[in-house]
file my_file.cif (mmCIF, C-alpha atoms and all ligand atoms)
data_model
loop_
_atom_site.label_atom_id
_atom_site.label_comp_id
_atom_site.auth_asym_id
_atom_site.auth_seq_id
_atom_site.Cartn_x
_atom_site.Cartn_y
_atom_site.Cartn_z
CA MET V 1116 -85.93 -143.91 125.25
CA THR V 1117 -87.23 -145.96 128.19
CA ASN V 1118 -86.24 -145.39 131.80
CA ASN V 1119 -88.14 -147.11 134.59
CA ASN V 1120 -86.30 -145.47 137.46
CA PRO V 1121 -88.45 -143.29 139.73
CA ILE V 1122 -88.94 -139.54 139.76
CA GLY V 1123 -87.90 -138.10 143.13
CA VAL V 1124 -89.85 -135.21 144.64
CA PHE V 1125 -88.92 -133.39 147.84
CA ASP V 1126 -90.24 -130.58 150.00
CA SER V 1127 -89.70 -129.30 153.51
CA GLY V 1128 -92.93 -131.08 154.37
CA ILE V 1129 -96.33 -131.96 153.03
CA GLY V 1130 -96.84 -128.91 150.77
CA GLY V 1131 -94.99 -130.38 147.80
CA THR V 1132 -97.72 -133.01 147.48
CA SER V 1133 -99.62 -130.25 145.62
CA ILE V 1134 -96.89 -130.50 142.96
CA TRP V 1135 -96.62 -134.26 143.27
CA SER V 1136 -100.33 -134.69 142.48
CA ALA V 1137 -100.02 -132.60 139.32
CA ILE V 1138 -97.08 -134.82 138.24
CA HIS V 1139 -98.86 -138.05 139.17
CA GLU V 1140 -101.95 -136.98 137.24
CA LEU V 1141 -100.02 -136.03 134.11
CA LEU V 1142 -97.60 -138.97 134.25
CA PRO V 1143 -99.48 -141.87 135.91
CA ASN V 1144 -97.06 -144.48 134.51
CA GLU V 1145 -94.10 -142.96 136.28
CA LYS V 1146 -93.04 -144.30 139.65
CA THR V 1147 -92.65 -141.42 142.11
CA ILE V 1148 -90.88 -141.20 145.45
CA TYR V 1149 -91.93 -138.28 147.67
CA LEU V 1150 -89.77 -137.10 150.52
CA ALA V 1151 -91.24 -134.83 153.22
CA ASP V 1152 -88.52 -133.35 155.42
CA SER V 1153 -91.14 -132.31 157.97
CA LYS V 1154 -88.73 -132.63 160.86
CA ASN V 1155 -86.88 -129.61 159.50
CA ALA V 1156 -89.90 -127.57 158.36
CA PRO V 1157 -90.30 -124.72 157.87
CA TYR V 1158 -87.36 -123.99 155.58
CA GLY V 1159 -88.64 -120.44 154.99
CA GLN V 1160 -86.92 -118.97 158.08
CA LYS V 1161 -83.58 -120.73 157.59
CA THR V 1162 -80.39 -119.31 156.12
CA LYS V 1163 -79.38 -120.03 152.54
CA GLU V 1164 -76.56 -122.28 153.82
CA GLU V 1165 -78.99 -124.34 155.91
CA ILE V 1166 -81.42 -124.67 153.00
CA VAL V 1167 -78.62 -125.80 150.67
CA ALA V 1168 -77.43 -128.41 153.21
CA LEU V 1169 -80.95 -129.80 153.72
CA SER V 1170 -81.59 -129.86 149.97
CA LYS V 1171 -78.38 -131.85 149.45
CA LYS V 1172 -79.37 -134.31 152.18
CA ASN V 1173 -82.77 -134.83 150.52
CA THR V 1174 -81.10 -135.24 147.12
CA ASP V 1175 -78.69 -137.87 148.49
CA PHE V 1176 -81.64 -139.85 149.85
CA LEU V 1177 -83.46 -139.79 146.49
CA ILE V 1178 -80.35 -140.59 144.48
CA ALA V 1179 -79.75 -143.60 146.74
CA LYS V 1180 -83.24 -144.74 145.64
CA ASN V 1181 -82.08 -144.53 141.99
CA CYS V 1182 -84.16 -141.53 141.00
CA LYS V 1183 -83.70 -140.44 137.40
CA LEU V 1184 -84.77 -136.85 137.95
CA ILE V 1185 -85.49 -134.72 141.01
CA VAL V 1186 -88.30 -132.23 141.39
CA VAL V 1187 -87.59 -129.65 144.07
CA ALA V 1188 -91.24 -129.15 145.05
CA CYS V 1189 -90.42 -126.23 147.30
CA ASN V 1190 -90.04 -122.59 146.24
CA THR V 1191 -87.74 -121.88 149.17
CA ALA V 1192 -85.35 -124.72 148.30
CA THR V 1193 -85.48 -123.90 144.59
CA THR V 1194 -84.77 -120.20 144.94
CA ASN V 1195 -81.96 -120.77 147.47
CA ALA V 1196 -80.37 -124.05 146.46
CA ILE V 1197 -81.10 -125.21 142.91
CA SER V 1198 -77.95 -123.77 141.36
CA GLU V 1199 -75.79 -125.53 144.02
CA LEU V 1200 -77.69 -128.77 143.40
CA ARG V 1201 -77.19 -128.50 139.65
CA ALA V 1202 -73.50 -127.78 140.16
CA ASN V 1203 -72.98 -130.73 142.52
CA TYR V 1204 -75.05 -133.56 141.05
CA ASP V 1205 -75.16 -135.15 137.67
CA ILE V 1206 -78.94 -135.56 137.48
CA PRO V 1207 -81.61 -133.19 136.10
CA PHE V 1208 -83.41 -130.98 138.65
CA ILE V 1209 -86.72 -129.25 138.10
CA GLY V 1210 -87.60 -126.46 140.47
CA ILE V 1211 -90.62 -124.40 141.35
CA GLU V 1212 -90.63 -120.62 141.50
CA PRO V 1213 -93.42 -118.10 142.12
CA ALA V 1214 -95.37 -117.62 138.86
CA ILE V 1215 -94.70 -113.88 138.52
CA LYS V 1216 -94.59 -113.99 134.72
CA PRO V 1217 -98.17 -115.11 133.94
CA ALA V 1218 -99.52 -112.83 136.67
CA ALA V 1219 -97.60 -109.75 135.51
CA ASN V 1220 -98.32 -110.38 131.84
CA ASN V 1221 -102.06 -110.74 132.38
CA SER V 1222 -102.62 -108.15 135.09
CA LYS V 1223 -104.89 -105.29 134.04
CA THR V 1224 -104.37 -103.25 137.20
CA GLN V 1225 -100.59 -103.79 136.95
CA VAL V 1226 -100.59 -104.65 140.61
CA ILE V 1227 -100.05 -108.27 141.69
CA GLY V 1228 -99.64 -109.89 145.08
CA ILE V 1229 -97.16 -112.61 146.04
CA LEU V 1230 -97.49 -114.69 149.15
CA ALA V 1231 -94.34 -116.71 149.86
CA THR V 1232 -91.81 -117.55 152.56
CA LYS V 1233 -89.17 -115.12 153.76
CA GLY V 1234 -86.48 -117.37 152.26
CA THR V 1235 -88.07 -117.17 148.81
CA LEU V 1236 -88.77 -113.43 148.86
CA ASN V 1237 -85.23 -112.65 150.04
CA SER V 1238 -83.54 -114.90 147.51
CA GLU V 1239 -81.43 -113.58 144.66
CA LEU V 1240 -83.27 -115.75 142.13
CA PHE V 1241 -86.69 -114.37 143.10
CA ASN V 1242 -85.48 -110.78 143.09
CA LYS V 1243 -83.81 -111.15 139.70
CA THR V 1244 -87.06 -112.47 138.23
CA ALA V 1245 -89.14 -109.77 139.92
CA GLU V 1246 -86.88 -107.04 138.46
CA MET V 1247 -87.76 -108.19 134.96
CA PHE V 1248 -91.34 -107.01 135.55
CA HIS V 1249 -90.65 -103.48 136.75
CA ASP V 1250 -93.79 -102.12 135.03
CA THR V 1251 -95.88 -104.15 137.45
CA LYS V 1252 -96.18 -103.27 141.12
CA ILE V 1253 -95.49 -106.44 143.11
CA ILE V 1254 -96.85 -106.53 146.65
CA GLU V 1255 -94.73 -109.07 148.50
CA GLN V 1256 -95.98 -110.65 151.69
CA VAL V 1257 -94.25 -113.24 153.85
CA GLY V 1258 -96.74 -115.89 154.95
CA HIS V 1259 -95.45 -115.96 158.55
CA GLY V 1260 -96.85 -118.95 160.42
CA LEU V 1261 -98.84 -120.49 157.55
CA VAL V 1262 -96.53 -123.44 156.81
CA GLN V 1263 -96.31 -124.36 160.49
CA LEU V 1264 -100.10 -124.38 160.84
CA ILE V 1265 -100.43 -126.60 157.74
CA GLU V 1266 -97.71 -128.96 159.00
CA ASP V 1267 -99.51 -129.18 162.34
CA GLY V 1268 -102.76 -130.12 160.57
CA ASN V 1269 -104.48 -126.82 161.43
CA LEU V 1270 -105.58 -125.97 157.92
CA ASN V 1271 -109.03 -124.73 158.85
CA SER V 1272 -108.32 -123.10 162.18
CA PRO V 1273 -109.54 -119.59 163.15
CA GLU V 1274 -105.86 -118.65 163.53
CA MET V 1275 -105.30 -119.52 159.87
CA THR V 1276 -108.24 -117.33 158.77
CA GLN V 1277 -106.94 -114.46 160.88
CA LEU V 1278 -103.43 -114.69 159.44
CA LEU V 1279 -104.69 -114.94 155.87
CA GLU V 1280 -106.96 -111.93 156.34
CA SER V 1281 -104.11 -109.86 157.70
CA TYR V 1282 -101.88 -110.79 154.72
CA LEU V 1283 -104.48 -110.45 151.98
CA LYS V 1284 -106.50 -107.38 152.98
CA PRO V 1285 -103.64 -104.93 152.22
CA MET V 1286 -103.24 -106.57 148.80
CA ILE V 1287 -106.96 -106.17 148.07
CA ASP V 1288 -106.73 -102.52 149.14
CA ALA V 1289 -103.76 -102.07 146.80
CA ASN V 1290 -105.97 -103.27 143.90
CA ILE V 1291 -104.23 -106.52 142.94
CA ASP V 1292 -105.96 -108.61 140.28
CA TYR V 1293 -103.63 -111.62 140.60
CA LEU V 1294 -102.44 -113.42 143.70
CA VAL V 1295 -99.41 -115.66 143.18
CA LEU V 1296 -99.02 -118.51 145.63
CA GLY V 1297 -95.25 -118.72 145.95
CA CYS V 1298 -95.05 -121.67 148.32
CA SER V 1299 -96.06 -125.23 147.53
CA HIS V 1300 -97.95 -125.50 150.84
CA TYR V 1301 -100.33 -122.67 149.95
CA PRO V 1302 -102.53 -124.37 147.30
CA TYR V 1303 -104.08 -126.22 150.25
CA LEU V 1304 -105.30 -122.81 151.49
CA ILE V 1305 -107.18 -121.94 148.29
CA PRO V 1306 -110.67 -122.60 149.76
CA GLN V 1307 -109.95 -120.23 152.69
CA ILE V 1308 -108.24 -117.68 150.44
CA LYS V 1309 -111.26 -117.64 148.10
CA LYS V 1310 -113.50 -116.70 151.02
CA ILE V 1311 -111.38 -113.60 151.60
CA LEU V 1312 -110.59 -112.44 148.05
CA PRO V 1313 -113.16 -110.74 145.82
CA GLU V 1314 -114.08 -112.98 142.89
CA HIS V 1315 -112.26 -110.99 140.20
CA ILE V 1316 -108.84 -111.70 141.77
CA GLN V 1317 -107.23 -114.73 140.14
CA ILE V 1318 -105.10 -117.13 142.14
CA ILE V 1319 -102.14 -118.81 140.45
CA ASP V 1320 -99.72 -121.47 141.52
CA SER V 1321 -97.08 -123.34 139.56
CA GLY V 1322 -98.03 -127.02 140.04
CA GLU V 1323 -99.24 -127.76 136.53
CA ALA V 1324 -96.35 -125.88 134.93
CA VAL V 1325 -93.89 -128.00 136.92
CA ALA V 1326 -95.66 -131.20 135.82
CA ARG V 1327 -95.49 -130.11 132.15
CA GLN V 1328 -91.81 -129.25 132.52
CA THR V 1329 -91.16 -132.67 134.10
CA LYS V 1330 -92.77 -134.33 131.08
CA ASN V 1331 -90.63 -132.24 128.70
CA ILE V 1332 -87.39 -133.17 130.45
CA LEU V 1333 -88.33 -136.86 130.46
CA ARG V 1334 -89.05 -136.63 126.73
CA GLU V 1335 -85.89 -134.69 125.87
CA LYS V 1336 -83.27 -136.08 128.24
CA VAL V 1337 -84.24 -138.84 130.63
CA GLY V 1338 -86.77 -141.24 129.14
CA PHE V 1339 -90.30 -142.31 130.10
CA SER V 1340 -91.26 -145.38 132.03
CA ASP V 1341 -92.98 -148.15 130.06
CA ARG V 1342 -94.81 -149.46 133.14
CA GLU V 1343 -98.59 -149.68 132.99
CA LYS V 1344 -99.11 -147.88 136.28
CA SER V 1345 -97.07 -147.35 139.40
CA GLU V 1346 -97.84 -146.85 143.08
CA PRO V 1347 -96.10 -143.85 144.61
CA VAL V 1348 -93.94 -144.17 147.72
CA PHE V 1349 -93.98 -141.53 150.48
CA TYR V 1350 -91.32 -140.98 153.13
CA VAL V 1351 -91.54 -138.62 156.08
CA ASN V 1352 -89.17 -138.03 159.02
CA SER V 1353 -91.77 -136.99 161.59
CA ASN V 1354 -95.33 -137.96 162.46
CA PRO V 1355 -96.89 -139.41 159.26
CA ALA V 1356 -100.51 -138.59 160.20
CA VAL V 1357 -100.72 -135.16 158.52
CA LEU V 1358 -99.09 -136.34 155.28
CA LYS V 1359 -101.46 -139.32 155.20
CA SER V 1360 -104.49 -137.14 155.69
CA ILE V 1361 -103.47 -134.60 153.03
CA LEU V 1362 -103.26 -137.62 150.68
CA ASN V 1363 -106.83 -138.53 151.75
CA ASN V 1364 -105.49 -141.71 153.41
CA LYS V 1365 -105.09 -143.26 149.95
CA TYR V 1366 -101.42 -144.18 150.34
CA ASP V 1367 -99.09 -145.65 152.91
CA VAL V 1368 -96.49 -143.34 154.34
CA ILE V 1369 -93.14 -144.67 155.54
CA GLN V 1370 -91.72 -142.94 158.59
CA LYS V 1371 -87.93 -142.92 158.49
CA GLU V 1372 -85.00 -140.98 159.96
CA PHE V 1373 -83.13 -138.98 157.33
N1 LIG Y 1401 -93.20 -125.54 150.70
C1 LIG Y 1401 -92.11 -124.67 150.70
C2 LIG Y 1401 -92.10 -123.65 149.63
O1 LIG Y 1401 -92.62 -123.90 148.58
C3 LIG Y 1401 -91.42 -124.27 151.95
C4 LIG Y 1401 -92.18 -123.96 153.13
C5 LIG Y 1401 -91.26 -123.87 154.31
O2 LIG Y 1401 -90.74 -124.91 154.70
O3 LIG Y 1401 -91.08 -122.77 154.83
O4 LIG Y 1401 -91.56 -122.59 149.82
#

call {"tool": "encode", "arguments": {"input": "my_file.cif", "output": "structure tokens"}}
result
Amino acid sequence: MTNNNPIGVFDSGIGGTSIWSAIHELLPNEKTIYLADSKNAPYGQKTKEEIVALSKKNTDFLIAKNCKLIVVACNTATTNAISELRANYDIPFIGIEPAIKPAANNSKTQVIGILATKGTLNSELFNKTAEMFHDTKIIEQVGHGLVQLIEDGNLNSPEMTQLLESYLKPMIDANIDYLVLGCSHYPYLIPQIKKILPEHIQIIDSGEAVARQTKNILREKVGFSDREKSEPVFYVNSNPAVLKSILNNKYDVIQKEF
């Protein structure tokens, strides 16, 4: 089955590019369209209703570009809105959720840490999943302020280090051996996080799992592209400079109202 329509990927901002790069690496022949709703970031403090409305708006934009599948590259949007999206649109959606399962199953201390947005940690979907691992102690921490600093291009600021230390030290003291990054912005913080965590604590995010799942759905339901190679397209609705720089200035970014 061949299908040359693009894969759409959206996030509240630039963080979902961590998922997009895993998809682009695994499926280089697929055309991808990335939508950064930076104007409305962060989603993590918004109500479920607001997150659903923004997720629908992003979906409408990508469907108008003929996307064959949509990757919700945002834990907050997935955990709050994916069931509404699936109920309202006739197109496959792939979401991203905090990787509790591999962390809980491999933890020797039976204590794991999760850093995510308030919207994700308060969601029904997250809490249902967390309940399935009741033998593991899950230390939940809202990453207040982290997304905003990343969106503002302040990845390596002293303020970032201070915030990360205050969120991670209690987890270290509680003897976690896995830290789950439950927000697609946070993989960009791994170098700073590694400076704070002792070496034996493993960090996991869900980027590669989402890319593998995307490939499976293309194989089973949607169809692969038969192009040789395809240049991705990036849209953003605020200043494009930070998105460009997180992409190492390798791609053009289109600034557009949406
Ligand atoms: N990148 C998003 C996530 O994975 C949302 C961050 C935000 O906008 O608060 O949760």

call {"tool": "atom_distance", "arguments": {"input": "my_file.cif", "atom1": "CA of Asn1155 (chain V)", "atom2": "CA of Asp1267 (chain V)"}}
result
13.0 Å

call {"tool": "residues_near_ligand", "arguments": {"input": "my_file.cif", "ligand": "ligand LIG 1401 (chain Y)", "cutoff": "6 Å", "atoms": "only C-alpha atoms and all ligand atoms", "output": "list of chain:residue names"}}
result
V:Asp1126, V:Ser1127, V:Gly1130, V:Gly1131, V:Ala1156, V:Pro1157, V:Tyr1158, V:Gly1159, V:Cys1189, V:Asn1190, V:Thr1191, V:Thr1232, V:Val1262, V:Cys1298, V:Ser1299, V:His1300

call {"tool": "closest_residue", "arguments": {"input": "my_file.cif", "among": "V:Thr1244, V:Thr1276, V:Gln1263, V:Thr1194", "to": "Ile1129 (chain V)", "atoms": "all atoms listed in the file"}}
result
V:Gln1263

call {"tool": "residues_around", "arguments": {"input": "my_file.cif", "residues": "region 1348-1355 of chain V", "least_positions_apart": "2", "cutoff": "8 Å", "atoms": "all atoms listed in the file", "output": "PyMOL selection string"}}
result
chain V and resi 1128+1147-1154+1346+1357-1359+1366-1373

call {"tool": "write_last_selection", "arguments": {"input": "my_file.cif", "atoms": "C-alpha atoms", "output": "PDB file, in the coordinates of the input"}}
result
ATOM      1  CA  GLY V1128     -92.930-131.080 154.370  1.00  0.00           C
ATOM      2  CA  THR V1147     -92.650-141.420 142.110  1.00  0.00           C
ATOM      3  CA  ILE V1148     -90.880-141.200 145.450  1.00  0.00           C
ATOM      4  CA  TYR V1149     -91.930-138.280 147.670  1.00  0.00           C
ATOM      5  CA  LEU V1150     -89.770-137.100 150.520  1.00  0.00           C
ATOM      6  CA  ALA V1151     -91.240-134.830 153.220  1.00  0.00           C
ATOM      7  CA  ASP V1152     -88.520-133.350 155.420  1.00  0.00           C
ATOM      8  CA  SER V1153     -91.140-132.310 157.970  1.00  0.00           C
ATOM      9  CA  LYS V1154     -88.730-132.630 160.860  1.00  0.00           C
ATOM     10  CA  GLU V1346     -97.840-146.850 143.080  1.00  0.00           C
ATOM     11  CA  VAL V1357    -100.720-135.160 158.520  1.00  0.00           C
ATOM     12  CA  LEU V1358     -99.090-136.340 155.280  1.00  0.00           C
ATOM     13  CA  LYS V1359    -101.460-139.320 155.200  1.00  0.00           C
ATOM     14  CA  TYR V1366    -101.420-144.180 150.340  1.00  0.00           C
ATOM     15  CA  ASP V1367     -99.090-145.650 152.910  1.00  0.00           C
ATOM     16  CA  VAL V1368     -96.490-143.340 154.340  1.00  0.00           C
ATOM     17  CA  ILE V1369     -93.140-144.670 155.540  1.00  0.00           C
ATOM     18  CA  GLN V1370     -91.720-142.940 158.590  1.00  0.00           C
ATOM     19  CA  LYS V1371     -87.930-142.920 158.490  1.00  0.00           C
ATOM     20  CA  GLU V1372     -85.000-140.980 159.960  1.00  0.00           C
ATOM     21  CA  PHE V1373     -83.130-138.980 157.330  1.00  0.00           C
TER      22      PHE V1373
END

call {"tool": "residues_near_point", "arguments": {"input": "my_file.cif", "point": "(-99.0, -145.5, 136.2)", "cutoff": "10 Å", "atoms": "only C-alpha atoms", "output": "ChimeraX atom specification"}}
result
/V:1139-1147,1340-1347

call {"tool": "residues_near_point", "arguments": {"input": "my_file.cif", "point": "(-94.0, -126.7, 136.8)", "cutoff": "12 Å", "atoms": "all atoms listed in the file", "output": "number ranges by chain"}}
result
V: 1131, 1133-1138, 1141, 1186-1190, 1193, 1208-1214, 1299, 1319-1332

call {"tool": "closest_residue", "arguments": {"input": "my_file.cif", "among": "V:Ile1308, V:Ile1122, V:Ala1168, V:Ile1185", "to": "Lys1284 (chain V)", "atoms": "all atoms listed in the file"}}
result
V:Ile1308

call {"tool": "residues_around", "arguments": {"input": "my_file.cif", "residues": "Glu1255 (chain V)", "least_positions_apart": "3", "cutoff": "9 Å", "atoms": "all atoms listed in the file", "output": "mmCIF file with C-alpha atoms, in the frame of the given file"}}
result
data_model
loop_
_atom_site.group_PDB
_atom_site.id
_atom_site.type_symbol
_atom_site.label_atom_id
_atom_site.label_comp_id
_atom_site.auth_asym_id
_atom_site.auth_seq_id
_atom_site.Cartn_x
_atom_site.Cartn_y
_atom_site.Cartn_z
ATOM 1 C CA ILE V 1227 -100.050 -108.270 141.690
ATOM 2 C CA GLY V 1228 -99.640 -109.890 145.080
ATOM 3 C CA ILE V 1229 -97.160 -112.610 146.040
ATOM 4 C CA LEU V 1230 -97.490 -114.690 149.150
ATOM 5 C CA ALA V 1231 -94.340 -116.710 149.860
ATOM 6 C CA LEU V 1236 -88.770 -113.430 148.860
ATOM 7 C CA MET V 1286 -103.240 -106.570 148.800
#

call {"tool": "residues_around", "arguments": {"input": "my_file.cif", "residues": "Asn1195 (chain V)", "least_positions_apart": "5", "cutoff": "9 Å", "atoms": "all atoms listed in the file", "output": "ChimeraX atom specification"}}
result
/V:1162-1164,1166-1167,1190,1234-1235,1238-1240

call {"tool": "atom_distance", "arguments": {"input": "my_file.cif", "atom1": "CA of Asp1175 (chain V)", "atom2": "CA of Asn1118 (chain V)"}}
result
19.8 Å

call {"tool": "atom_distance", "arguments": {"input": "my_file.cif", "atom1": "CA of Ser1272 (chain V)", "atom2": "CA of Lys1365 (chain V)"}}
result
23.8 Å

call {"tool": "closest_residue", "arguments": {"input": "my_file.cif", "among": "V:Asn1271, V:Gln1160, V:Asn1220, V:Ser1281", "to": "Ala1192 (chain V)", "atoms": "all atoms listed in the file"}}
result
V:Gln1160

call {"tool": "residues_around", "arguments": {"input": "my_file.cif", "residues": "Asp1205 (chain V)", "least_positions_apart": "5", "cutoff": "12 Å", "atoms": "only C-alpha atoms", "output": "ChimeraX atom specification"}}
result
/V:1174-1175,1178,1182-1185,1199-1200

call {"tool": "closest_residue", "arguments": {"input": "my_file.cif", "among": "V:Asn1120, V:Ile1206, V:Ile1215, V:Leu1270", "to": "Phe1241 (chain V)", "atoms": "only C-alpha atoms"}}
result
V:Ile1215

call {"tool": "closest_residue", "arguments": {"input": "my_file.cif", "among": "V:Met1116, V:Ala1245, V:Leu1312, V:Ile1318", "to": "Lys1336 (chain V)", "atoms": "all atoms listed in the file"}}
result
V:Met1116

call {"tool": "build_atoms", "arguments": {"input": "my_file.cif", "residues": "region 1226-1241 of chain V", "atoms": "N, CA, C and O atoms", "output": "PDB file, in the coordinates of the input"}}
result
ATOM      1  N   VAL V1226    -100.968-104.427 139.217  1.00  0.00           N
ATOM      2  CA  VAL V1226    -100.590-104.650 140.610  1.00  0.00           C
ATOM      3  C   VAL V1226    -100.867-106.127 140.897  1.00  0.00           C
ATOM      4  O   VAL V1226    -101.985-106.607 140.684  1.00  0.00           O
ATOM      5  N   ILE V1227     -99.850-106.854 141.343  1.00  0.00           N
ATOM      6  CA  ILE V1227    -100.050-108.270 141.690  1.00  0.00           C
ATOM      7  C   ILE V1227     -99.532-108.522 143.110  1.00  0.00           C
ATOM      8  O   ILE V1227     -98.677-107.783 143.601  1.00  0.00           O
ATOM      9  N   GLY V1228    -100.073-109.548 143.727  1.00  0.00           N
ATOM     10  CA  GLY V1228     -99.640-109.890 145.080  1.00  0.00           C
ATOM     11  C   GLY V1228     -98.884-111.218 145.058  1.00  0.00           C
ATOM     12  O   GLY V1228     -99.207-112.105 144.266  1.00  0.00           O
ATOM     13  N   ILE V1229     -97.873-111.326 145.911  1.00  0.00           N
ATOM     14  CA  ILE V1229     -97.160-112.610 146.040  1.00  0.00           C
ATOM     15  C   ILE V1229     -97.086-112.978 147.511  1.00  0.00           C
ATOM     16  O   ILE V1229     -96.600-112.204 148.338  1.00  0.00           O
ATOM     17  N   LEU V1230     -97.580-114.150 147.800  1.00  0.00           N
ATOM     18  CA  LEU V1230     -97.490-114.690 149.150  1.00  0.00           C
ATOM     19  C   LEU V1230     -96.463-115.811 149.107  1.00  0.00           C
ATOM     20  O   LEU V1230     -96.610-116.759 148.329  1.00  0.00           O
ATOM     21  N   ALA V1231     -95.405-115.699 149.897  1.00  0.00           N
ATOM     22  CA  ALA V1231     -94.340-116.710 149.860  1.00  0.00           C
ATOM     23  C   ALA V1231     -93.585-116.676 151.180  1.00  0.00           C
ATOM     24  O   ALA V1231     -93.894-115.861 152.059  1.00  0.00           O
ATOM     25  N   THR V1232     -92.582-117.552 151.309  1.00  0.00           N
ATOM     26  CA  THR V1232     -91.810-117.550 152.560  1.00  0.00           C
ATOM     27  C   THR V1232     -90.752-116.428 152.502  1.00  0.00           C
ATOM     28  O   THR V1232     -90.422-115.915 151.433  1.00  0.00           O
ATOM     29  N   LYS V1233     -90.226-116.130 153.680  1.00  0.00           N
ATOM     30  CA  LYS V1233     -89.170-115.120 153.760  1.00  0.00           C
ATOM     31  C   LYS V1233     -87.964-115.557 152.913  1.00  0.00           C
ATOM     32  O   LYS V1233     -87.374-114.762 152.194  1.00  0.00           O
ATOM     33  N   GLY V1234     -87.631-116.844 152.998  1.00  0.00           N
ATOM     34  CA  GLY V1234     -86.480-117.370 152.260  1.00  0.00           C
ATOM     35  C   GLY V1234     -86.631-117.171 150.759  1.00  0.00           C
ATOM     36  O   GLY V1234     -85.656-116.863 150.065  1.00  0.00           O
ATOM     37  N   THR V1235     -87.840-117.360 150.249  1.00  0.00           N
ATOM     38  CA  THR V1235     -88.070-117.170 148.810  1.00  0.00           C
ATOM     39  C   THR V1235     -88.000-115.689 148.454  1.00  0.00           C
ATOM     40  O   THR V1235     -87.319-115.292 147.513  1.00  0.00           O
ATOM     41  N   LEU V1236     -88.709-114.853 149.216  1.00  0.00           N
ATOM     42  CA  LEU V1236     -88.770-113.430 148.860  1.00  0.00           C
ATOM     43  C   LEU V1236     -87.425-112.728 149.008  1.00  0.00           C
ATOM     44  O   LEU V1236     -87.157-111.747 148.336  1.00  0.00           O
ATOM     45  N   ASN V1237     -86.554-113.254 149.869  1.00  0.00           N
ATOM     46  CA  ASN V1237     -85.230-112.650 150.040  1.00  0.00           C
ATOM     47  C   ASN V1237     -84.194-113.201 149.074  1.00  0.00           C
ATOM     48  O   ASN V1237     -83.063-112.728 149.044  1.00  0.00           O
ATOM     49  N   SER V1238     -84.565-114.244 148.325  1.00  0.00           N
ATOM     50  CA  SER V1238     -83.540-114.900 147.510  1.00  0.00           C
ATOM     51  C   SER V1238     -83.156-114.065 146.292  1.00  0.00           C
ATOM     52  O   SER V1238     -83.949-113.277 145.787  1.00  0.00           O
ATOM     53  N   GLU V1239     -81.935-114.302 145.838  1.00  0.00           N
ATOM     54  CA  GLU V1239     -81.430-113.580 144.660  1.00  0.00           C
ATOM     55  C   GLU V1239     -82.244-113.971 143.432  1.00  0.00           C
ATOM     56  O   GLU V1239     -82.613-113.119 142.620  1.00  0.00           O
ATOM     57  N   LEU V1240     -82.542-115.269 143.313  1.00  0.00           N
ATOM     58  CA  LEU V1240     -83.270-115.750 142.130  1.00  0.00           C
ATOM     59  C   LEU V1240     -84.631-115.082 142.014  1.00  0.00           C
ATOM     60  O   LEU V1240     -85.023-114.596 140.950  1.00  0.00           O
ATOM     61  N   PHE V1241     -85.363-115.006 143.130  1.00  0.00           N
ATOM     62  CA  PHE V1241     -86.690-114.370 143.100  1.00  0.00           C
ATOM     63  C   PHE V1241     -86.548-112.898 142.724  1.00  0.00           C
ATOM     64  O   PHE V1241     -87.278-112.377 141.872  1.00  0.00           O
TER      65      PHE V1241
END
